[in-house]
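One structure is given below, encoded as structure tokens.
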Amino acid sequence: MDKKAISKDRMVYLRKQKLNKIAIFTVQIIIVVGFILVWEILANVGIIDSFIASQPSRIVKTFLNLSR
């Protein structure tokens, strides 16, 4: 498709849509990372029983040991 065939308003709209998708994805990543950090901290402090809910760091270590 030729860029000249797309109106300026349409290009602005598409740019806003792309930026909106990037912003949503960024917020989703921040939420997941925040959840994992809070989970790790609460398990280290002892608020969450790490025997029942484990810890993200222990899960990663276990997967790494199993993959060897």
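Residue numbering restarts at 1 for every chain of the structure tokens, chains are lettered A, B, ... in their displayed order, and ligands are numbered from 1 as they appear.
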Test item: residues at most 8 Å from Trp39 in chain A, only C-alpha atoms, excluding those fewer than 3 positions along its chain, as a count of residues only: 7
DSSP-assigned helix (DSSP H, G or I) among chain A, expressed as an MDAnalysis selection string: chainID A and resid 3:5 8:45 50:53 56:66
Write the residues of the preceding selection, restricted to C-alpha atoms, as a compact mmCIF listing (two decimals), in the first residue's frame.
```txt
# COMPACT_ATOMS: atom_id res chain seq x y z
CA LYS A 3 1.86 5.77 2.00
CA LYS A 4 0.43 8.64 -0.03
CA ALA A 5 -2.85 6.73 -0.29
CA LYS A 8 -2.64 12.05 7.48
CA ASP A 9 -5.46 11.53 9.99
CA ARG A 10 -5.35 7.78 9.38
CA MET A 11 -1.58 7.73 9.95
CA VAL A 12 -2.01 9.64 13.21
CA TYR A 13 -4.72 7.18 14.28
CA LEU A 14 -2.54 4.16 13.44
CA ARG A 15 0.39 5.68 15.33
CA LYS A 16 -1.82 6.22 18.41
CA GLN A 17 -3.05 2.62 18.19
CA LYS A 18 0.51 1.30 18.00
CA LEU A 19 1.62 3.41 20.98
CA ASN A 20 -1.46 2.28 22.92
CA LYS A 21 -0.60 -1.38 22.30
CA ILE A 22 2.98 -0.80 23.41
CA ALA A 23 1.79 0.96 26.57
CA ILE A 24 -0.62 -1.86 27.42
CA PHE A 25 2.08 -4.51 26.88
CA THR A 26 4.52 -2.55 29.05
CA VAL A 27 2.00 -2.28 31.89
CA GLN A 28 1.27 -6.01 31.64
CA ILE A 29 4.96 -6.83 31.95
CA ILE A 30 5.32 -4.47 34.92
CA ILE A 31 2.35 -6.15 36.65
CA VAL A 32 3.80 -9.65 36.17
CA VAL A 33 7.27 -8.62 37.34
CA GLY A 34 5.76 -6.77 40.32
CA PHE A 35 3.70 -9.81 41.28
CA ILE A 36 6.76 -12.06 41.17
CA LEU A 37 8.82 -9.57 43.21
CA VAL A 38 6.12 -9.24 45.88
CA TRP A 39 5.76 -13.04 45.98
CA GLU A 40 9.53 -13.47 46.44
CA ILE A 41 9.74 -10.80 49.14
CA LEU A 42 6.75 -12.16 51.08
CA ALA A 43 8.18 -15.68 50.94
CA ASN A 44 11.60 -14.45 52.14
CA VAL A 45 10.06 -12.53 55.04
CA SER A 50 7.42 -21.16 51.16
CA PHE A 51 6.71 -24.86 51.69
CA ILE A 52 3.20 -24.43 50.29
CA ALA A 53 3.68 -21.61 47.76
CA PRO A 56 10.03 -17.86 42.35
CA SER A 57 13.79 -18.15 42.80
CA ARG A 58 13.50 -21.78 43.96
CA ILE A 59 11.22 -22.60 41.03
CA VAL A 60 13.76 -21.17 38.57
CA LYS A 61 16.61 -23.06 40.26
CA THR A 62 14.62 -26.30 40.07
CA PHE A 63 13.89 -25.84 36.37
CA LEU A 64 17.55 -25.08 35.71
CA ASN A 65 18.64 -28.21 37.60
CA LEU A 66 16.11 -30.34 35.71
```
